[in-house]
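The next block is work-v9.txt, given as compact mmCIF, C-alpha atoms.
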# COMPACT_ATOMS: atom_id res chain seq x y z
CA MET S 25 -23.77 4.67 -6.06
CA SER S 26 -25.39 2.17 -3.75
CA PHE S 27 -21.91 0.85 -3.17
CA LEU S 28 -20.70 4.28 -2.12
CA SER S 29 -23.64 4.95 0.15
CA GLY S 30 -23.02 1.60 1.74
CA LEU S 31 -19.44 2.65 2.20
CA PHE S 32 -20.36 5.47 4.48
CA GLY S 33 -23.30 3.83 6.17
CA SER S 34 -21.17 1.21 7.77
CA SER S 35 -19.03 3.50 9.82
CA LYS S 36 -21.92 4.96 11.78
CA PRO S 37 -22.61 2.23 14.34
CA GLU S 38 -18.96 2.13 15.19
CA ALA S 39 -18.74 5.86 15.63
CA GLU S 40 -21.83 6.10 17.80
CA LYS S 41 -20.51 3.61 20.25
CA GLU S 42 -18.29 6.15 21.93
CA PRO S 43 -20.72 8.95 22.83
CA SER S 44 -22.57 6.53 25.09
CA ALA S 45 -19.39 6.04 27.08
CA SER S 46 -18.85 9.77 27.32
CA ALA S 47 -22.52 10.21 28.24
CA ASP S 48 -21.94 7.97 31.21
CA LEU S 49 -19.05 10.12 32.26
CA PHE S 50 -21.16 13.19 31.77
CA ASN S 51 -23.99 11.87 33.89
CA SER S 52 -21.69 11.07 36.73
CA THR S 53 -20.32 14.59 36.66
CA THR S 54 -23.68 16.35 36.64
CA PHE S 55 -24.68 14.31 39.62
CA ARG S 56 -21.74 15.60 41.53
CA SER S 57 -22.22 19.22 40.55
CA ASN S 58 -25.33 19.46 42.75
CA VAL S 59 -23.06 20.56 45.54
CA ASN S 60 -22.70 24.07 44.21
CA PRO S 61 -25.54 24.67 41.81
CA SER S 62 -25.16 26.93 38.76
CA PRO S 63 -21.73 28.41 39.24
CA SER S 64 -21.43 31.75 37.53
CA PRO S 65 -19.32 31.76 34.38
CA SER S 66 -16.83 34.14 35.94
CA ASP S 67 -16.42 31.74 38.82
CA ALA S 68 -15.92 28.84 36.46
CA SER S 69 -13.39 30.71 34.38
CA ALA S 70 -11.54 31.85 37.46
CA SER S 71 -11.38 28.37 38.86
CA SER S 72 -10.30 26.93 35.55
CA SER S 73 -7.64 29.54 35.00
CA SER S 74 -5.99 28.76 38.32
CA SER S 75 -6.55 25.12 38.88
CA SER S 76 -4.06 24.70 41.68
CA SER S 77 -5.41 27.58 43.72
CA SER S 78 -9.01 26.46 43.19
CA ILE S 79 -8.76 23.66 45.69
CA PRO S 80 -9.07 25.83 48.82
CA GLN S 81 -12.04 27.66 47.34
CA PRO S 82 -14.93 25.32 48.26
CA PRO S 83 -15.17 26.35 51.94
CA SER S 84 -15.91 29.97 50.95
CA ASN S 85 -18.06 28.70 48.12
CA ALA S 86 -20.05 26.32 50.27
CA SER S 87 -20.92 28.81 53.01
CA PRO S 88 -23.83 30.45 51.12
CA VAL S 89 -25.32 27.12 50.05
CA PRO S 90 -25.60 24.91 53.07
CA ALA S 91 -29.40 25.04 52.73
CA VAL S 92 -29.32 22.88 49.62
CA SER S 93 -29.62 19.71 51.68
CA GLN S 94 -25.91 19.20 51.56
CA PRO S 95 -24.68 16.25 53.60
CA ALA S 96 -21.80 16.63 55.95
CA PRO S 97 -18.82 17.96 54.02
CA THR S 98 -16.41 15.24 53.18
CA ALA S 99 -12.96 15.28 51.69
CA LEU S 100 -14.52 14.67 48.30
CA ASP S 101 -16.28 18.02 48.46
CA ALA S 102 -12.97 19.81 48.62
CA PHE S 103 -12.38 18.61 45.07
CA SER S 104 -15.89 19.31 43.85
CA THR S 105 -14.74 22.25 41.77
CA SER S 106 -12.53 19.97 39.77
CA PHE S 107 -15.60 17.93 38.82
CA ASP S 108 -17.54 21.06 37.96
CA ALA S 109 -19.89 20.40 35.06
CA ALA S 110 -19.20 23.80 33.55
CA ARG S 111 -15.58 22.89 33.23
CA LEU S 112 -16.36 19.55 31.74
CA HIS S 113 -18.63 21.01 29.10
CA PRO S 114 -15.83 21.58 26.61
CA LEU S 115 -14.72 18.02 27.14
CA ALA S 116 -18.19 16.71 26.43
CA GLY S 117 -18.34 18.80 23.28
CA LEU S 118 -14.88 17.68 22.27
CA SER S 119 -15.46 14.00 22.64
CA ASP S 120 -15.70 13.47 18.90
CA ASN S 121 -12.28 14.68 17.88
CA LEU S 122 -10.50 14.13 21.14
CA GLU S 123 -7.42 12.13 20.33
CA LEU S 124 -5.48 10.63 23.17
CA LEU S 125 -2.39 8.49 23.12
CA GLN S 126 -4.16 5.45 24.48
CA LEU S 127 -2.06 2.37 24.52
CA ASP S 128 -3.10 -0.82 26.21
CA GLU S 129 -1.09 -0.93 29.37
CA ASP S 130 -0.53 -4.64 29.34
CA LYS S 131 0.81 -4.50 25.85
CA LEU S 132 3.46 -1.88 26.65
CA THR S 133 7.01 -3.02 26.84
CA GLU S 134 7.88 -4.31 30.29
CA ILE S 135 11.63 -4.42 29.91
CA GLU S 136 13.06 -2.07 32.48
CA GLY S 137 14.93 0.95 31.24
CA ALA S 138 13.55 0.59 27.74
CA ALA S 139 11.07 3.45 28.02
CA SER S 140 11.87 6.21 25.59
CA VAL S 141 10.26 9.35 24.22
CA LEU S 142 7.41 7.53 22.55
CA PRO S 143 5.65 4.71 24.34
CA SER S 144 6.35 1.47 22.62
CA ARG S 145 4.33 -1.68 22.26
CA GLY S 146 7.24 -4.03 21.82
CA TRP S 147 9.93 -4.79 19.35
CA THR S 148 7.89 -4.16 16.21
CA ASP S 149 7.09 -0.65 17.35
CA ASP S 150 10.72 -0.05 18.25
CA LEU S 151 11.79 -1.36 14.87
CA CYS S 152 9.30 0.75 12.95
CA VAL S 153 9.84 4.01 14.81
CA GLY S 154 13.61 3.65 15.08
CA THR S 155 14.02 2.74 11.44
CA GLY S 156 11.61 5.43 10.34
CA THR S 157 13.40 8.13 12.29
CA THR S 158 16.82 7.07 11.04
CA TYR S 159 15.66 6.64 7.47
CA LEU S 160 13.94 10.01 7.41
CA SER S 161 16.91 11.82 8.89
CA GLY S 162 19.20 10.07 6.44
CA LEU S 163 16.92 11.11 3.62
CA VAL S 164 16.92 14.74 4.77
CA LEU S 165 20.67 14.87 5.34
CA GLY S 166 21.42 13.16 2.05
CA GLY S 167 18.96 15.42 0.30
CA MET S 168 20.75 18.45 1.65
CA TRP S 169 24.08 17.01 0.57
CA GLY S 170 22.68 16.33 -2.89
CA ALA S 171 21.13 19.77 -3.12
CA LYS S 172 24.44 21.38 -2.28
CA GLU S 173 26.15 19.22 -4.88
CA GLY S 174 23.53 20.04 -7.47
CA LEU S 175 23.74 23.75 -6.72
CA SER S 176 27.48 23.89 -7.19
CA ARG S 177 27.81 21.55 -10.16
CA PRO S 178 29.24 23.29 -13.22
CA LEU S 179 26.67 23.31 -16.02
CA GLY S 180 28.55 25.13 -18.73
CA ASN S 181 28.21 28.82 -19.30
CA ASN S 182 24.86 30.48 -18.69
CA PRO S 183 22.77 27.47 -17.66
CA SER S 184 19.01 27.86 -17.67
CA PHE S 185 16.95 27.77 -14.52
CA LYS S 186 15.32 24.52 -15.54
CA LEU S 187 18.66 22.83 -15.99
CA ARG S 188 19.77 23.96 -12.54
CA ILE S 189 16.57 22.66 -10.95
CA ASN S 190 17.07 19.36 -12.69
CA SER S 191 20.63 19.15 -11.44
CA ILE S 192 19.52 19.86 -7.87
CA LEU S 193 16.74 17.29 -8.02
CA ASN S 194 19.09 14.70 -9.46
CA GLY S 195 21.55 15.33 -6.66
CA CYS S 196 18.81 15.10 -4.05
CA THR S 197 17.42 11.83 -5.31
CA ARG S 198 20.87 10.29 -5.75
CA ARG S 199 22.46 11.25 -2.44
CA GLY S 200 19.27 11.27 -0.43
CA SER S 201 18.18 7.79 -1.34
CA PHE S 202 21.69 6.43 -0.92
CA THR S 203 22.13 7.91 2.56
CA GLY S 204 18.61 7.08 3.63
CA ASN S 205 18.78 3.49 2.44
CA SER S 206 22.14 2.83 4.05
CA LEU S 207 21.14 4.36 7.36
CA GLY S 208 17.79 2.63 7.24
CA VAL S 209 19.32 -0.80 6.75
CA LEU S 210 21.79 -0.08 9.53
CA ALA S 211 18.88 0.94 11.76
CA ILE S 212 17.01 -2.28 10.97
CA PHE S 213 20.06 -4.30 12.02
CA TYR S 214 20.53 -2.19 15.12
CA ASN S 215 16.92 -2.37 16.25
CA LEU S 216 16.68 -6.10 15.66
CA ALA S 217 19.90 -6.70 17.59
CA ASN S 218 18.82 -4.31 20.33
CA SER S 219 15.45 -5.94 20.83
CA SER S 220 16.98 -9.40 20.80
CA LEU S 221 19.56 -8.39 23.40
CA ASP S 222 16.86 -6.74 25.49
CA SER S 223 14.77 -9.86 25.56
CA VAL S 224 17.77 -12.09 26.24
CA ARG S 225 19.15 -9.99 29.08
CA GLY S 226 15.77 -8.84 30.39
CA LYS S 227 16.82 -5.22 30.77
CA HIS S 228 18.04 -2.30 28.73
CA ASP S 229 21.13 -0.24 29.44
CA ALA S 230 24.08 1.40 27.73
CA TYR S 231 26.04 -1.85 27.35
CA ASN S 232 23.09 -3.30 25.57
CA ALA S 233 22.97 -0.43 23.11
CA MET S 234 26.72 -0.65 22.52
CA GLY S 235 26.58 -4.40 22.00
CA ALA S 236 23.73 -4.02 19.54
CA ALA S 237 25.66 -1.28 17.76
CA ALA S 238 28.76 -3.44 17.49
CA LEU S 239 26.70 -6.32 16.14
CA SER S 240 24.89 -4.18 13.58
CA GLY S 241 28.08 -2.47 12.42
CA ALA S 242 29.77 -5.83 12.00
CA ILE S 243 26.83 -7.25 10.04
CA TYR S 244 26.57 -4.16 7.89
CA LYS S 245 30.22 -4.35 6.85
CA SER S 246 30.49 -8.14 7.01
CA SER S 247 30.66 -8.67 3.25
CA ALA S 248 33.64 -6.32 2.88
CA GLY S 249 35.96 -8.49 4.95
CA LEU S 250 37.04 -8.91 8.53
CA ARG S 251 38.89 -5.64 8.93
CA PRO S 252 36.11 -3.33 7.67
CA ALA S 253 33.63 -5.29 9.78
CA LEU S 254 35.71 -4.69 12.89
CA VAL S 255 36.13 -1.03 11.99
CA GLY S 256 32.41 -0.68 11.44
CA ALA S 257 31.65 -2.38 14.72
CA GLY S 258 34.09 -0.09 16.53
CA LEU S 259 32.65 3.03 14.96
CA MET S 260 29.09 2.04 15.74
CA THR S 261 30.00 1.10 19.32
CA ALA S 262 31.64 4.46 19.83
CA ALA S 263 28.61 6.21 18.39
CA ALA S 264 26.20 4.26 20.60
CA GLY S 265 28.35 4.84 23.67
CA GLY S 266 28.50 8.54 22.93
CA TRP S 267 24.76 8.68 22.42
CA SER S 268 24.13 6.82 25.69
CA ALA S 269 26.46 9.15 27.57
CA PHE S 270 24.70 12.13 26.00
CA LYS S 271 21.32 10.73 27.04
CA THR S 272 22.38 10.20 30.64
CA MET S 273 23.89 13.67 30.83
CA VAL S 274 20.82 15.44 29.49
CA MET J 29 -13.20 2.77 12.65
CA SER J 30 -10.86 5.60 13.44
CA HIS J 31 -11.78 6.17 17.04
CA GLY J 32 -11.70 2.50 17.81
CA ASP J 33 -8.24 2.28 16.36
CA HIS J 34 -6.13 3.18 19.35
CA SER J 35 -3.54 0.60 18.51
CA ARG J 36 -1.70 3.22 16.50
CA ASP J 37 0.01 6.39 17.55
CA PRO J 38 -1.64 9.79 17.03
CA CYS J 39 -1.05 11.57 13.85
CA PRO J 40 2.33 13.26 13.62
CA TYR J 41 4.09 10.28 15.19
CA VAL J 42 2.42 7.67 13.08
CA ILE J 43 4.32 9.03 10.07
CA LEU J 44 7.62 7.89 11.56
CA ASN J 45 6.10 4.55 12.37
CA ASP J 46 4.79 4.13 8.85
CA PHE J 47 8.07 5.22 7.30
CA GLY J 48 9.96 2.66 9.33
CA GLY J 49 7.39 -0.05 8.89
CA ALA J 50 7.24 0.34 5.14
CA PHE J 51 11.02 0.58 4.84
CA SER J 52 11.56 -2.52 6.97
CA MET J 53 8.92 -4.41 5.08
CA GLY J 54 10.50 -3.48 1.76
CA ALA J 55 14.05 -4.11 2.87
CA ILE J 56 13.41 -7.45 4.57
CA GLY J 57 11.01 -8.65 1.91
CA GLY J 58 13.40 -7.42 -0.78
CA GLY J 59 16.21 -9.24 0.95
CA ILE J 60 14.33 -12.52 0.76
CA TRP J 61 13.09 -11.90 -2.79
CA HIS J 62 16.39 -10.82 -4.26
CA GLY J 63 18.25 -13.42 -2.26
CA ILE J 64 16.29 -16.16 -3.99
CA LYS J 65 16.42 -14.40 -7.32
CA GLY J 66 20.14 -13.76 -7.12
CA ALA J 67 20.82 -17.36 -6.16
CA ARG J 68 18.75 -18.67 -9.05
CA ASN J 69 20.38 -16.39 -11.56
CA SER J 70 23.98 -17.13 -10.66
CA PRO J 71 26.01 -20.10 -11.86
CA ARG J 72 26.39 -23.11 -9.64
CA GLY J 73 29.13 -22.72 -7.07
CA GLU J 74 28.63 -18.97 -6.87
CA ARG J 75 25.09 -19.07 -5.67
CA PHE J 76 25.77 -17.64 -2.25
CA VAL J 77 27.95 -14.82 -3.53
CA GLY J 78 25.45 -13.96 -6.24
CA SER J 79 22.60 -13.99 -3.79
CA LEU J 80 24.48 -11.76 -1.37
CA SER J 81 25.46 -9.22 -3.99
CA ALA J 82 21.90 -9.12 -5.32
CA ILE J 83 20.61 -8.49 -1.80
CA LYS J 84 23.17 -5.77 -1.19
CA ALA J 85 22.40 -4.06 -4.46
CA ARG J 86 18.63 -4.30 -4.59
CA ALA J 87 17.09 -4.80 -1.14
CA PRO J 88 17.85 -1.31 0.23
CA VAL J 89 16.53 0.26 -2.95
CA LEU J 90 13.30 -1.69 -2.71
CA GLY J 91 13.09 -0.75 0.96
CA GLY J 92 13.60 2.88 0.03
CA ASN J 93 10.86 2.76 -2.57
CA PHE J 94 8.47 1.15 -0.12
CA GLY J 95 9.48 3.55 2.63
CA VAL J 96 9.04 6.66 0.56
CA TRP J 97 5.65 5.49 -0.64
CA GLY J 98 4.45 4.56 2.82
CA GLY J 99 5.82 7.65 4.49
CA LEU J 100 4.45 9.98 1.85
CA PHE J 101 1.10 8.27 2.04
CA SER J 102 1.03 8.56 5.81
CA SER J 103 2.01 12.22 5.69
CA PHE J 104 -0.71 12.98 3.17
CA ASP J 105 -3.17 10.94 5.21
CA CYS J 106 -2.43 13.02 8.29
CA ALA J 107 -2.62 16.25 6.31
CA VAL J 108 -5.94 15.27 4.75
CA LYS J 109 -7.32 14.23 8.14
CA GLY J 110 -6.24 17.51 9.62
CA TYR J 111 -7.81 19.47 6.79
CA ARG J 112 -11.11 17.60 6.52
CA GLN J 113 -11.50 16.90 10.24
CA LYS J 114 -13.12 13.54 9.64
CA GLU J 115 -12.09 9.99 9.06
CA ASP J 116 -13.60 7.98 6.25
CA PRO J 117 -12.38 5.99 3.25
CA TRP J 118 -12.01 9.19 1.21
CA ASN J 119 -8.98 10.10 3.30
CA ALA J 120 -7.05 7.12 2.03
CA ILE J 121 -8.24 7.64 -1.53
CA ILE J 122 -7.27 11.32 -1.54
CA SER J 123 -3.90 10.65 0.01
CA GLY J 124 -3.29 7.79 -2.42
CA PHE J 125 -4.07 10.16 -5.27
CA LEU J 126 -1.69 12.77 -3.89
CA THR J 127 1.05 10.21 -3.22
CA GLY J 128 0.90 8.77 -6.70
CA GLY J 129 0.87 12.24 -8.16
CA SER J 130 3.81 13.57 -6.22
CA LEU J 131 5.94 10.46 -6.83
CA ALA J 132 5.49 10.81 -10.59
CA LEU J 133 5.81 14.58 -10.57
CA ARG J 134 9.11 14.67 -12.40
CA ALA J 135 7.73 12.74 -15.34
CA GLY J 136 5.45 15.60 -16.29
CA PRO J 137 1.92 16.62 -15.42
CA ARG J 138 0.20 14.08 -17.68
CA SER J 139 2.10 11.15 -16.28
CA ALA J 140 1.69 12.46 -12.75
CA PHE J 141 -2.05 12.72 -13.17
CA GLY J 142 -2.27 9.22 -14.59
CA SER J 143 -0.24 7.79 -11.76
CA ALA J 144 -2.29 9.72 -9.23
CA VAL J 145 -5.55 8.38 -10.62
CA GLY J 146 -4.14 4.86 -10.65
CA CYS J 147 -3.02 5.11 -7.05
CA GLY J 148 -6.33 6.63 -6.00
CA ILE J 149 -8.26 3.81 -7.66
CA LEU J 150 -6.01 1.21 -6.07
CA LEU J 151 -6.53 2.71 -2.62
CA GLY J 152 -10.24 3.00 -3.33
CA VAL J 153 -10.38 -0.71 -4.07
CA PHE J 154 -8.45 -1.46 -0.88
CA GLU J 155 -10.75 0.71 1.19
CA GLY J 156 -13.84 -0.72 -0.45
CA VAL J 157 -12.71 -4.26 0.29
CA GLY J 158 -11.87 -3.25 3.85
CA VAL J 159 -15.25 -1.65 4.38
CA LEU J 160 -17.06 -4.65 2.91
CA MET J 161 -15.11 -6.99 5.18
CA ASN J 162 -15.89 -4.72 8.11
CA ARG J 163 -19.60 -4.80 7.35
CA MET J 164 -19.65 -8.55 6.99
CA MET J 165 -17.78 -9.02 10.26
CA ALA J 166 -19.66 -6.40 12.24
CA GLN J 167 -23.18 -7.32 11.20
CA PRO J 168 -24.68 -8.32 14.58
CA ILE J 169 -23.24 -5.45 16.57
CA PRO J 170 -25.66 -2.61 15.61
CA GLN J 171 -28.72 -4.64 16.63
CA MET J 172 -27.33 -5.00 20.12
CA GLN J 173 -26.10 -1.43 20.31
CA LEU J 174 -29.18 0.49 19.26
CA PRO J 175 -31.56 -0.13 22.23
CA GLU J 176 -28.82 0.85 24.59
CA GLN J 177 -28.03 3.88 22.52
CA ALA J 178 -31.53 5.40 22.67
CA PRO J 179 -31.69 6.34 26.40
CA ALA J 180 -28.11 7.50 26.46
CA THR J 181 -28.52 10.16 23.78
CA PRO J 182 -30.98 12.52 25.58
CA ALA J 183 -28.78 12.49 28.63
CA VAL J 184 -26.04 14.23 26.68
CA SER J 185 -28.30 17.04 25.55
CA ALA J 186 -29.91 17.49 28.95
Just give me the structure of the file as structure tokens.
Amino acid sequence: MSFLSGLFGSSKPEAEKEPSASADLFNSTTFRSNVNPSPSPSDASASSSSSSSSIPQPPSNASPVPAVSQPAPTALDAFSTSFDAARLHPLAGLSDNLELLQLDEDKLTEIEGAASVLPSRGWTDDLCVGTGTTYLSGLVLGGMWGAKEGLSRPLGNNPSFKLRINSILNGCTRRGSFTGNSLGVLAIFYNLANSSLDSVRGKHDAYNAMGAAALSGAIYKSSAGLRPALVGAGLMTAAAGGWSAFKTMV
Amino acid sequence: MSHGDHSRDPCPYVILNDFGGAFSMGAIGGGIWHGIKGARNSPRGERFVGSLSAIKARAPVLGGNFGVWGGLFSSFDCAVKGYRQKEDPWNAIISGFLTGGSLALRAGPRSAFGSAVGCGILLGVFEGVGVLMNRMMAQPIPQMQLPEQAPATPAVSA
């Protein structure tokens, strides 16, 4: 038991490190909210509901409160509603489970044209995400293929429900793992070739993707002979070219 | 440990990353492993062919096993995190339990439960070792943090 209590005791100092940072942020915002003291909740909700139209508000807002020792209005005051403490309250309350996609900027990939849907931290991230996506889609597609096969397989007359379920599951695991594994290996080859080409050429474009596709198709089919390797390379190149054209069109 | 860990993607996307990472690890590691094994097990003169055929036959399967395990574990981890709304070693233990159970589901409930318990214990050992390492590494930090922490806390409530 002392082991278990030690298990959970250790995570506390780490977790309490962050509220101090958010407390700093919070202090700086309360300091600024002196400009318009105690905004009514309706005002705060109105300004938060229409954030773009809230910028011209401060002049009308500031006219009743010039007595509060306000210095000469500066450009910063025009944005004072956006630093309103009432609007930052939810953020301060949220700080514990606020999850942001924070990636270290200097670690992001700096090859031009390589930015995609998800930010990537380099070739390992590309490899993992690309392979994972391909493998998972292969698994799902193959599973559907196997399910269809298992559903339509003849099982003699009047098969029981259990037998049918077993047939479907067998089909899923056979076709799904086959498709997923093949596509996954192909994706590993493709991503490795793509990242290598990126780093060699220093940029990323459609030719790069097509070259990587040709290389990966050739490697994938290399043990079957020269002709299948060339066919595989051609197919993969066509697929990559089509995908690149689709991406530029959309 | 969770909030400091911003080197990984947020939850739904990390599943893809884990799937791919586990699959690549299994496939590449399986390629090396079965390459050596296939070469050793084939007669002299056919070592390369034997190694290649062993890689082709076994490495993707090993990658698939790794990938399914890792992806399932990551999915369960995200689901458990979303349900419990906290991050502690129990997340990994629970998701290890669920992963082991669901992978052995077709072998019957008894076998599934045994596999689930085994996986949960394994993950518990991993997490325990990780936490112990963390405590040994991070020993001096709390003493420096606490004095600074004390004045900052009332400011939040004020």
What's the 9 Å shell around region 96-98 of chain J, counting all atoms listed in the file, without same-chain residues fewer than 2 positions away, as a ChimeraX atom specification?
/J:43,46-51,91-94,100-103,127-128,131
re CA of Ala262 (chain S) and CA of Gly170 (chain S): distance 27.2 Å
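When CA of Met168 (chain S) is paired with CA of Arg199 (chain S), their separation reads 8.5 Å.
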May I ask which of the residues S:Pro252, S:Ser184, S:Ile212, S:Ala264 is the closest one to Ala237 (chain S), counting only C-alpha atoms?
S:Ala264
My list of candidates is J:Asn69, J:Ser79, J:Ser130, J:Gln113. Which is closest to chain S when distances are computed with only C-alpha atoms?
J:Gln113
What separation in Å, quoted to one decimal, exists between CA of Leu160 (chain J) and CA of Cys147 (chain J)?
19.8 Å
So for region 41-45 of chain J, what box centre and size do we get, axis-aligned, 6 Å extra on each of the six sides, every listed atom, Å to one decimal, as AutoDock Vina command-line options?
--center_x 5.0 --center_y 7.4 --center_z 12.6 --size_x 17.2 --size_y 17.7 --size_z 17.1
Among listed residues S:Ala171, S:Arg251, S:Ser240, S:Asn190, nearest Asn215 (chain S) (using only C-alpha atoms)
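Ranking S:Ala171, S:Arg251, S:Ser240, S:Asn190 by distance to Asn215 (chain S), first place goes to S:Ser240.
Take the candidates J:Ala82, J:Met165, J:Ala87, J:Leu133 and check each one against Gly58 (chain J) using all atoms listed in the file; the shortest distance goes to J:Ala87.
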Restricting the calculation to only C-alpha atoms: of J:Ile60, J:Ala67, J:Val77, J:Ala144, which residue gets closest to Phe125 (chain J)?
J:Ala144
Can you pull out the residues contacting Asn45 (chain J)? Cut-off 10 Å, using all atoms listed in the file, and skip same-chain residues under 4 positions away; I want them as a VMD selection string.
(chain S and resid 148 to 157) or (chain J and resid 36 to 37 40 to 41 49 to 51 98 to 99 102)
How about saving the chosen residues, C-alpha atoms kept, as a PDB file, in the coordinates of the input?
ATOM      1  CA  THR S 148       7.890  -4.160  16.210  1.00  0.00           C
ATOM      2  CA  ASP S 149       7.090  -0.650  17.350  1.00  0.00           C
ATOM      3  CA  ASP S 150      10.720  -0.050  18.250  1.00  0.00           C
ATOM      4  CA  LEU S 151      11.790  -1.360  14.870  1.00  0.00           C
ATOM      5  CA  CYS S 152       9.300   0.750  12.950  1.00  0.00           C
ATOM      6  CA  VAL S 153       9.840   4.010  14.810  1.00  0.00           C
ATOM      7  CA  GLY S 154      13.610   3.650  15.080  1.00  0.00           C
ATOM      8  CA  THR S 155      14.020   2.740  11.440  1.00  0.00           C
ATOM      9  CA  GLY S 156      11.610   5.430  10.340  1.00  0.00           C
ATOM     10  CA  THR S 157      13.400   8.130  12.290  1.00  0.00           C
TER      11      THR S 157
ATOM     12  CA  ARG J  36      -1.700   3.220  16.500  1.00  0.00           C
ATOM     13  CA  ASP J  37       0.010   6.390  17.550  1.00  0.00           C
ATOM     14  CA  PRO J  40       2.330  13.260  13.620  1.00  0.00           C
ATOM     15  CA  TYR J  41       4.090  10.280  15.190  1.00  0.00           C
ATOM     16  CA  GLY J  49       7.390  -0.050   8.890  1.00  0.00           C
ATOM     17  CA  ALA J  50       7.240   0.340   5.140  1.00  0.00           C
ATOM     18  CA  PHE J  51      11.020   0.580   4.840  1.00  0.00           C
ATOM     19  CA  GLY J  98       4.450   4.560   2.820  1.00  0.00           C
ATOM     20  CA  GLY J  99       5.820   7.650   4.490  1.00  0.00           C
ATOM     21  CA  SER J 102       1.030   8.560   5.810  1.00  0.00           C
TER      22      SER J 102
END
For a quick check of understanding, using all atoms listed in the file, which of J:Ile121, J:Gly66, J:Arg163, J:Gly95 has the smallest distance to Ser52 (chain J)?
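Of the candidates, the smallest distance to Ser52 (chain J) is held by J:Gly95.
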